[in-house]
file final27.pdb (PDB, C-alpha atoms)
MODEL        1
ATOM      1  CA  MET I   1       0.000   0.000   0.000
ATOM      2  CA  THR I   2       1.232   3.482  -0.898
ATOM      3  CA  THR I   3       0.269   6.400   1.300
ATOM      4  CA  PHE I   4       0.092   9.794  -0.384
ATOM      5  CA  TYR I   5       0.321  13.021   1.566
ATOM      6  CA  MET I   6      -1.068  15.482  -0.971
ATOM      7  CA  VAL I   7      -0.199  19.060  -0.046
ATOM      8  CA  ARG I   8      -1.571  22.166  -1.695
ATOM      9  CA  HIS I   9       0.963  24.989  -2.090
ATOM     10  CA  GLY I  10       0.896  28.063   0.142
ATOM     11  CA  VAL I  11      -0.677  31.335  -0.951
ATOM     12  CA  THR I  12       0.724  33.853  -3.423
ATOM     13  CA  SER I  13      -0.273  37.418  -4.231
ATOM     14  CA  HIS I  14      -2.663  35.946  -6.826
ATOM     15  CA  THR I  15      -4.471  33.450  -4.584
ATOM     16  CA  GLY I  16      -8.189  34.134  -4.539
ATOM     17  CA  HIS I  17      -7.901  36.996  -7.040
ATOM     18  CA  ARG I  18      -6.487  35.692 -10.320
ATOM     19  CA  LEU I  19      -6.271  32.405 -12.221
ATOM     20  CA  THR I  20      -2.516  32.001 -11.954
ATOM     21  CA  GLY I  21      -2.521  28.645 -13.725
ATOM     22  CA  ARG I  22       0.924  27.833 -15.110
ATOM     23  CA  LEU I  23       2.170  31.430 -15.154
ATOM     24  CA  ASP I  24       5.897  31.696 -14.392
ATOM     25  CA  GLY I  25       7.363  33.960 -11.741
ATOM     26  CA  ILE I  26       4.531  33.825  -9.189
ATOM     27  CA  HIS I  27       6.154  32.966  -5.877
ATOM     28  CA  LEU I  28       4.879  32.263  -2.396
ATOM     29  CA  SER I  29       4.041  35.389  -0.452
ATOM     30  CA  GLU I  30       5.384  35.879   3.072
ATOM     31  CA  GLN I  31       2.157  34.333   4.325
ATOM     32  CA  GLY I  32       2.568  31.456   1.876
ATOM     33  CA  ILE I  33       6.089  30.774   3.119
ATOM     34  CA  ALA I  34       4.810  30.739   6.707
ATOM     35  CA  GLU I  35       2.053  28.321   5.676
ATOM     36  CA  ALA I  36       4.554  26.010   3.977
ATOM     37  CA  GLU I  37       6.809  26.087   7.033
ATOM     38  CA  ALA I  38       3.854  25.240   9.267
ATOM     39  CA  ALA I  39       2.925  22.332   6.994
ATOM     40  CA  ALA I  40       6.533  21.105   7.064
ATOM     41  CA  GLU I  41       6.501  21.254  10.855
ATOM     42  CA  MET I  42       3.217  19.340  11.019
ATOM     43  CA  LEU I  43       4.608  16.647   8.683
ATOM     44  CA  ALA I  44       8.085  16.446  10.224
ATOM     45  CA  HIS I  45       7.198  13.222  12.055
ATOM     46  CA  VAL I  46       6.157  11.468   8.828
ATOM     47  CA  LYS I  47       8.951   9.534   7.135
ATOM     48  CA  PHE I  48       8.632  10.213   3.412
ATOM     49  CA  ARG I  49      10.386   8.011   0.883
ATOM     50  CA  ALA I  50      10.184  10.855  -1.651
ATOM     51  CA  VAL I  51       8.790  14.351  -2.121
ATOM     52  CA  TYR I  52       7.243  15.078  -5.521
ATOM     53  CA  SER I  53       6.056  18.387  -6.899
ATOM     54  CA  SER I  54       4.339  20.066  -9.787
ATOM     55  CA  PRO I  55       6.991  22.082 -11.684
ATOM     56  CA  ILE I  56       5.284  25.418 -10.903
ATOM     57  CA  ASP I  57       7.213  27.941  -8.760
ATOM     58  CA  ARG I  58       4.736  28.045  -5.868
ATOM     59  CA  THR I  59       4.554  24.261  -5.563
ATOM     60  CA  LEU I  60       8.316  23.808  -5.847
ATOM     61  CA  GLU I  61       8.893  26.378  -3.115
ATOM     62  CA  THR I  62       6.391  24.658  -0.832
ATOM     63  CA  ALA I  63       7.840  21.226  -1.609
ATOM     64  CA  ARG I  64      11.421  22.342  -0.930
ATOM     65  CA  ILE I  65      10.470  23.588   2.524
ATOM     66  CA  ILE I  66       8.846  20.231   3.305
ATOM     67  CA  ALA I  67      11.657  18.175   1.752
ATOM     68  CA  ALA I  68      14.348  20.094   3.656
ATOM     69  CA  ARG I  69      12.896  18.828   6.941
ATOM     70  CA  GLN I  70      13.204  15.287   5.590
ATOM     71  CA  GLY I  71      16.705  15.579   4.123
ATOM     72  CA  LEU I  72      15.277  14.901   0.661
ATOM     73  CA  GLU I  73      15.477  16.529  -2.763
ATOM     74  CA  VAL I  74      12.284  17.438  -4.592
ATOM     75  CA  GLU I  75      11.447  15.412  -7.683
ATOM     76  CA  VAL I  76       9.299  17.074 -10.364
ATOM     77  CA  ARG I  77       6.324  15.256 -11.881
ATOM     78  CA  ASP I  78       4.498  16.958 -14.745
ATOM     79  CA  GLY I  79       1.350  14.960 -14.050
ATOM     80  CA  LEU I  80       0.901  17.014 -10.870
ATOM     81  CA  LEU I  81       0.740  20.268 -12.875
ATOM     82  CA  GLU I  82      -1.893  22.912 -12.347
ATOM     83  CA  VAL I  83      -4.861  23.050 -14.709
ATOM     84  CA  ASP I  84      -3.961  24.578 -18.068
ATOM     85  CA  TYR I  85      -6.407  27.490 -18.166
ATOM     86  CA  GLY I  86      -5.299  28.487 -21.650
ATOM     87  CA  THR I  87      -6.267  32.078 -22.493
ATOM     88  CA  TRP I  88      -7.830  32.456 -19.041
ATOM     89  CA  THR I  89      -4.368  32.304 -17.438
ATOM     90  CA  ASN I  90      -3.663  35.411 -15.334
ATOM     91  CA  ARG I  91      -7.204  36.752 -15.729
ATOM     92  CA  SER I  92      -9.053  37.918 -12.628
ATOM     93  CA  PHE I  93     -11.851  35.816 -11.179
ATOM     94  CA  LYS I  94     -14.076  38.868 -11.534
ATOM     95  CA  ALA I  95     -13.426  38.943 -15.295
ATOM     96  CA  VAL I  96     -13.959  35.235 -15.971
ATOM     97  CA  ALA I  97     -17.063  35.134 -13.751
ATOM     98  CA  ARG I  98     -18.813  37.265 -16.371
ATOM     99  CA  THR I  99     -18.338  34.662 -19.116
ATOM    100  CA  LYS I 100     -20.774  31.972 -20.229
ATOM    101  CA  LEU I 101     -18.076  29.334 -19.788
ATOM    102  CA  TRP I 102     -17.689  30.222 -16.104
ATOM    103  CA  SER I 103     -21.337  29.338 -15.548
ATOM    104  CA  GLN I 104     -20.748  26.011 -17.265
ATOM    105  CA  VAL I 105     -17.653  25.341 -15.142
ATOM    106  CA  GLN I 106     -19.815  25.834 -12.037
ATOM    107  CA  ARG I 107     -22.818  23.797 -13.224
ATOM    108  CA  TRP I 108     -21.294  21.124 -15.487
ATOM    109  CA  PRO I 109     -17.508  21.086 -14.990
ATOM    110  CA  SER I 110     -17.118  17.671 -16.612
ATOM    111  CA  GLY I 111     -18.351  19.187 -19.866
ATOM    112  CA  ALA I 112     -16.124  22.270 -19.788
ATOM    113  CA  ARG I 113     -12.840  22.977 -21.534
ATOM    114  CA  PHE I 114     -10.822  26.094 -20.807
ATOM    115  CA  PRO I 115     -10.184  28.133 -23.981
ATOM    116  CA  SER I 116      -6.987  26.814 -25.621
ATOM    117  CA  GLY I 117      -6.436  24.791 -22.432
ATOM    118  CA  GLU I 118      -7.443  21.546 -20.738
ATOM    119  CA  SER I 119     -10.739  19.988 -19.806
ATOM    120  CA  LEU I 120     -11.184  18.996 -16.187
ATOM    121  CA  ARG I 121     -11.652  15.375 -17.306
ATOM    122  CA  GLU I 122      -8.155  15.516 -18.785
ATOM    123  CA  VAL I 123      -6.733  17.018 -15.602
ATOM    124  CA  GLN I 124      -8.330  14.292 -13.515
ATOM    125  CA  GLN I 125      -7.040  11.494 -15.732
ATOM    126  CA  ARG I 126      -3.450  12.724 -16.003
ATOM    127  CA  SER I 127      -3.302  13.303 -12.235
ATOM    128  CA  LEU I 128      -4.575   9.803 -11.495
ATOM    129  CA  ASP I 129      -2.134   8.362 -14.032
ATOM    130  CA  GLU I 130       0.738  10.183 -12.311
ATOM    131  CA  LEU I 131      -0.236   8.838  -8.903
ATOM    132  CA  ASP I 132      -0.416   5.343 -10.408
ATOM    133  CA  ARG I 133       3.159   5.757 -11.673
ATOM    134  CA  ILE I 134       4.340   6.967  -8.276
ATOM    135  CA  ARG I 135       2.549   4.076  -6.591
ATOM    136  CA  SER I 136       4.308   1.678  -8.958
ATOM    137  CA  ASP I 137       7.649   3.215  -7.949
ATOM    138  CA  HIS I 138       6.790   3.072  -4.218
ATOM    139  CA  PRO I 139       4.389   0.147  -3.668
ATOM    140  CA  ARG I 140       4.868   0.059   0.120
ATOM    141  CA  ALA I 141       5.975   3.544   1.099
ATOM    142  CA  THR I 142       4.781   6.973   2.141
ATOM    143  CA  VAL I 143       5.322   9.857  -0.257
ATOM    144  CA  CYS I 144       4.499  13.552  -0.371
ATOM    145  CA  CYS I 145       3.009  15.158  -3.497
ATOM    146  CA  VAL I 146       2.837  18.957  -3.555
ATOM    147  CA  THR I 147       0.322  20.138  -6.100
ATOM    148  CA  HIS I 148      -2.745  22.313  -6.653
ATOM    149  CA  ALA I 149      -6.248  22.527  -5.207
ATOM    150  CA  ASP I 150      -8.159  21.356  -8.277
ATOM    151  CA  VAL I 151      -5.753  18.481  -8.872
ATOM    152  CA  ILE I 152      -6.284  17.242  -5.318
ATOM    153  CA  ARG I 153     -10.054  17.709  -5.499
ATOM    154  CA  LEU I 154     -10.328  15.905  -8.826
ATOM    155  CA  VAL I 155      -8.252  12.977  -7.527
ATOM    156  CA  LEU I 156     -10.390  12.791  -4.393
ATOM    157  CA  ALA I 157     -13.590  12.801  -6.440
ATOM    158  CA  ASP I 158     -12.400   9.733  -8.320
ATOM    159  CA  TYR I 159     -11.135   7.959  -5.210
ATOM    160  CA  LEU I 160     -14.420   8.673  -3.407
ATOM    161  CA  GLY I 161     -16.416   7.368  -6.354
ATOM    162  CA  ILE I 162     -18.313  10.612  -6.887
ATOM    163  CA  HIS I 163     -18.992  12.293 -10.211
ATOM    164  CA  LEU I 164     -16.524  14.894 -11.407
ATOM    165  CA  ASP I 165     -19.381  17.423 -11.433
ATOM    166  CA  LEU I 166     -19.391  17.301  -7.619
ATOM    167  CA  PHE I 167     -15.657  17.882  -7.126
ATOM    168  CA  GLN I 168     -16.087  21.522  -6.101
ATOM    169  CA  ARG I 169     -17.871  20.415  -2.936
ATOM    170  CA  ILE I 170     -14.485  19.271  -1.608
ATOM    171  CA  ILE I 171     -12.517  21.921   0.287
ATOM    172  CA  VAL I 172      -8.728  21.995  -0.130
ATOM    173  CA  GLY I 173      -7.272  25.073   1.540
ATOM    174  CA  PRO I 174      -3.831  26.630   0.973
ATOM    175  CA  ALA I 175      -0.996  24.528   2.436
ATOM    176  CA  SER I 176      -3.503  21.888   3.564
ATOM    177  CA  THR I 177      -2.693  18.198   3.628
ATOM    178  CA  THR I 178      -4.891  15.388   2.338
ATOM    179  CA  VAL I 179      -3.916  11.786   3.087
ATOM    180  CA  VAL I 180      -4.892   8.836   0.912
ATOM    181  CA  SER I 181      -3.692   5.232   1.053
ATOM    182  CA  VAL I 182      -3.941   3.195  -2.135
ATOM    183  CA  GLY I 183      -3.525  -0.562  -2.267
ATOM    184  CA  ASP I 184      -4.591  -3.410  -4.498
ATOM    185  CA  ASP I 185      -8.076  -3.256  -2.978
ATOM    186  CA  GLY I 186      -8.455   0.415  -3.863
ATOM    187  CA  PRO I 187      -8.043   3.802  -2.208
ATOM    188  CA  ARG I 188      -8.828   4.733   1.375
ATOM    189  CA  ILE I 189      -9.312   8.393   2.337
ATOM    190  CA  VAL I 190      -7.534   8.979   5.635
ATOM    191  CA  ALA I 191      -7.833  12.764   6.022
ATOM    192  CA  VAL I 192      -8.864  15.799   3.976
ATOM    193  CA  ASN I 193      -7.858  19.468   4.281
ATOM    194  CA  LEU I 194      -5.668  19.169   7.364
ATOM    195  CA  LEU I 195      -4.309  22.585   8.314
ATOM    196  CA  ALA I 196      -1.272  23.155  10.512
ATOM    197  CA  SER I 197      -1.519  25.676  13.323
ATOM    198  CA  ARG I 198       0.347  28.823  12.326
ATOM    199  CA  LYS I 199       2.227  31.189  14.574
TER
ENDMDL
END

call {"tool": "encode", "arguments": {"input": "final27.pdb", "output": "structure tokens"}}
result
Amino acid sequence: MTTFYMVRHGVTSHTGHRLTGRLDGIHLSEQGIAEAEAAAEMLAHVKFRAVYSSPIDRTLETARIIAARQGLEVEVRDGLLEVDYGTWTNRSFKAVARTKLWSQVQRWPSGARFPSGESLREVQQRSLDELDRIRSDHPRATVCCVTHADVIRLVLADYLGIHLDLFQRIIVGPASTTVVSVGDDGPRIVAVNLLASRK
């Protein structure tokens, strides 16, 4: 059985305001660094075999803080990437909320594709495929995967056996930890949206 500690990155100046997506050069804010440090402290007692990360700046920075406490180097996995929002990348939530597609994303996300970007079905499948590869590499170990809120929520929807259209009911806060164990008899959800106490 492989146990995944799936950690969402800490906040940036864009969090809650803009669809950062895969935009380069967006780093953790001071608050985000503090959140990542708190998560690393909370997870310090867990012995990770490896720490994996999406290749985006904010996830790499969060992962490096966690990995440093474990004496590990961060390994990048493209399957953990943020959603490709296409031409919506770096647009404000206020701007995209006025579009017809935004309404579809809220009502029927499984049928939506971001303009010149991914569909959420594609995001879900590539994320699950990546976790399957990691599980194959570590069939009886505990690993940390630092990624993005929608990636974690889409994975959880599949593991819980609920339709993709319900994935937004799952809360995954900044720098939160979700724990899932996956064995030959299927996944088991251990914890969702664990938040470290912050000084």

call {"tool": "atom_distance", "arguments": {"input": "final27.pdb", "atom1": "CA of Ile56 in chain I", "atom2": "CA of Asp24 in chain I"}}
result
7.2 Å

call {"tool": "residues_around", "arguments": {"input": "final27.pdb", "residues": "range 113-130 of chain I", "least_positions_apart": "5", "cutoff": "10 Å", "atoms": "all atoms listed in the file", "output": "ChimeraX atom specification"}}
result
/I:77-89,101-102,104-105,135-136,147,150-159,164-165

call {"tool": "atom_distance", "arguments": {"input": "final27.pdb", "atom1": "CA of His45 in chain I", "atom2": "CA of Leu72 in chain I"}}
result
14.1 Å

call {"tool": "residues_around", "arguments": {"input": "final27.pdb", "residues": "range 36-42 of chain I", "least_positions_apart": "5", "cutoff": "7 Å", "atoms": "only C-alpha atoms", "output": "JSON, numbers by chain"}}
result
{"I": [10, 62, 65, 66, 69, 175, 196, 197, 198]}

call {"tool": "write_last_selection", "arguments": {"input": "final27.pdb", "atoms": "C-alpha atoms", "output": "short mmCIF file (atom, residue, chain, number, x, y, z; two decimals), in the frame of the given file"}}
result
data_model
loop_
_atom_site.label_atom_id
_atom_site.label_comp_id
_atom_site.auth_asym_id
_atom_site.auth_seq_id
_atom_site.Cartn_x
_atom_site.Cartn_y
_atom_site.Cartn_z
CA GLY I 10 0.90 28.06 0.14
CA THR I 62 6.39 24.66 -0.83
CA ILE I 65 10.47 23.59 2.52
CA ILE I 66 8.85 20.23 3.30
CA ARG I 69 12.90 18.83 6.94
CA ALA I 175 -1.00 24.53 2.44
CA ALA I 196 -1.27 23.16 10.51
CA SER I 197 -1.52 25.68 13.32
CA ARG I 198 0.35 28.82 12.33
#

call {"tool": "atom_distance", "arguments": {"input": "final27.pdb", "atom1": "CA of Ala63 in chain I", "atom2": "CA of Ser92 in chain I"}}
result
26.2 Å

call {"tool": "residues_around", "arguments": {"input": "final27.pdb", "residues": "Glu61 in chain I", "least_positions_apart": "2", "cutoff": "12 Å", "atoms": "all atoms listed in the file", "output": "PyMOL selection string"}}
result
chain I and resi 8-12+25-30+32-37+40+52-59+63-68+73-74+76+146-147+175

call {"tool": "resolve_selection", "arguments": {"input": "final27.pdb", "expression": "the PyMOL selection byres ((chain I and resi 47) around 10)", "output": "list in words"}}
result
Leu43, Ala44, His45, Val46, Phe48, Arg49, Ala50, Gln70, Ala141, Thr142, Val143 and Cys144 of chain I

call {"tool": "resolve_selection", "arguments": {"input": "final27.pdb", "expression": "the PyMOL selection byres ((chain I and resi 19) around 10)", "output": "PyMOL selection string"}}
result
chain I and resi 14-18+20-23+83+85+88-93+96

call {"tool": "write_last_selection", "arguments": {"input": "final27.pdb", "atoms": "C-alpha atoms", "output": "short mmCIF file (atom, residue, chain, number, x, y, z; two decimals), keeping the file's coordinate frame"}}
result
data_model
loop_
_atom_site.label_atom_id
_atom_site.label_comp_id
_atom_site.auth_asym_id
_atom_site.auth_seq_id
_atom_site.Cartn_x
_atom_site.Cartn_y
_atom_site.Cartn_z
CA HIS I 14 -2.66 35.95 -6.83
CA THR I 15 -4.47 33.45 -4.58
CA GLY I 16 -8.19 34.13 -4.54
CA HIS I 17 -7.90 37.00 -7.04
CA ARG I 18 -6.49 35.69 -10.32
CA THR I 20 -2.52 32.00 -11.95
CA GLY I 21 -2.52 28.64 -13.72
CA ARG I 22 0.92 27.83 -15.11
CA LEU I 23 2.17 31.43 -15.15
CA VAL I 83 -4.86 23.05 -14.71
CA TYR I 85 -6.41 27.49 -18.17
CA TRP I 88 -7.83 32.46 -19.04
CA THR I 89 -4.37 32.30 -17.44
CA ASN I 90 -3.66 35.41 -15.33
CA ARG I 91 -7.20 36.75 -15.73
CA SER I 92 -9.05 37.92 -12.63
CA PHE I 93 -11.85 35.82 -11.18
CA VAL I 96 -13.96 35.24 -15.97
#

call {"tool": "closest_residue", "arguments": {"input": "final27.pdb", "among": "I:Leu60, I:Thr3, I:Val192, I:Trp108", "to": "His163 in chain I", "atoms": "all atoms listed in the file"}}
result
I:Trp108

call {"tool": "resolve_selection", "arguments": {"input": "final27.pdb", "expression": "the PyMOL selection byres ((chain I and resi 178) around 6)", "output": "count of residues only"}}
result
7

call {"tool": "residues_near_point", "arguments": {"input": "final27.pdb", "point": "(2.2, -2.3, 2.0)", "cutoff": "10 Å", "atoms": "all atoms listed in the file", "output": "number ranges by chain"}}
result
I: 1-3, 138-142, 181-184

call {"tool": "axis_aligned_box", "arguments": {"input": "final27.pdb", "around": "range 180-197 of chain I", "padding_each_side": "5 Å", "output": "lines of an AutoDock Vina configuration file"}}
result
center_x = -5.3
center_y = 11.1
center_z = 4.4
size_x = 18.0
size_y = 39.1
size_z = 27.8

call {"tool": "build_atoms", "arguments": {"input": "final27.pdb", "residues": "range 134-145 of chain I", "atoms": "N, CA and C atoms", "output": "mmCIF file, in the frame of the given file"}}
result
data_model
loop_
_atom_site.group_PDB
_atom_site.id
_atom_site.type_symbol
_atom_site.label_atom_id
_atom_site.label_comp_id
_atom_site.auth_asym_id
_atom_site.auth_seq_id
_atom_site.Cartn_x
_atom_site.Cartn_y
_atom_site.Cartn_z
ATOM 1 N N ILE I 134 3.626 6.816 -9.553
ATOM 2 C CA ILE I 134 4.340 6.967 -8.276
ATOM 3 C C ILE I 134 4.095 5.749 -7.394
ATOM 4 N N ARG I 135 2.862 5.275 -7.376
ATOM 5 C CA ARG I 135 2.549 4.076 -6.591
ATOM 6 C C ARG I 135 3.344 2.873 -7.091
ATOM 7 N N SER I 136 3.521 2.769 -8.395
ATOM 8 C CA SER I 136 4.308 1.678 -8.958
ATOM 9 C C SER I 136 5.767 1.776 -8.516
ATOM 10 N N ASP I 137 6.269 3.006 -8.399
ATOM 11 C CA ASP I 137 7.649 3.215 -7.949
ATOM 12 C C ASP I 137 7.810 2.962 -6.454
ATOM 13 N N HIS I 138 6.739 3.178 -5.684
ATOM 14 C CA HIS I 138 6.790 3.072 -4.218
ATOM 15 C C HIS I 138 5.593 2.259 -3.719
ATOM 16 N N PRO I 139 5.582 0.947 -3.980
ATOM 17 C CA PRO I 139 4.389 0.147 -3.668
ATOM 18 C C PRO I 139 4.096 -0.016 -2.176
ATOM 19 N N ARG I 140 5.079 0.212 -1.321
ATOM 20 C CA ARG I 140 4.868 0.059 0.120
ATOM 21 C C ARG I 140 5.587 1.178 0.866
ATOM 22 N N ALA I 141 5.270 2.406 0.505
ATOM 23 C CA ALA I 141 5.975 3.544 1.099
ATOM 24 C C ALA I 141 5.016 4.717 1.268
ATOM 25 N N THR I 142 5.529 5.738 1.937
ATOM 26 C CA THR I 142 4.781 6.973 2.141
ATOM 27 C C THR I 142 5.488 8.080 1.380
ATOM 28 N N VAL I 143 4.733 8.803 0.563
ATOM 29 C CA VAL I 143 5.322 9.857 -0.257
ATOM 30 C C VAL I 143 4.505 11.143 -0.100
ATOM 31 N N CYS I 144 5.149 12.250 -0.398
ATOM 32 C CA CYS I 144 4.499 13.552 -0.371
ATOM 33 C C CYS I 144 4.399 14.073 -1.807
ATOM 34 N N CYS I 145 3.222 14.567 -2.176
ATOM 35 C CA CYS I 145 3.009 15.158 -3.497
ATOM 36 C C CYS I 145 2.475 16.572 -3.301
#
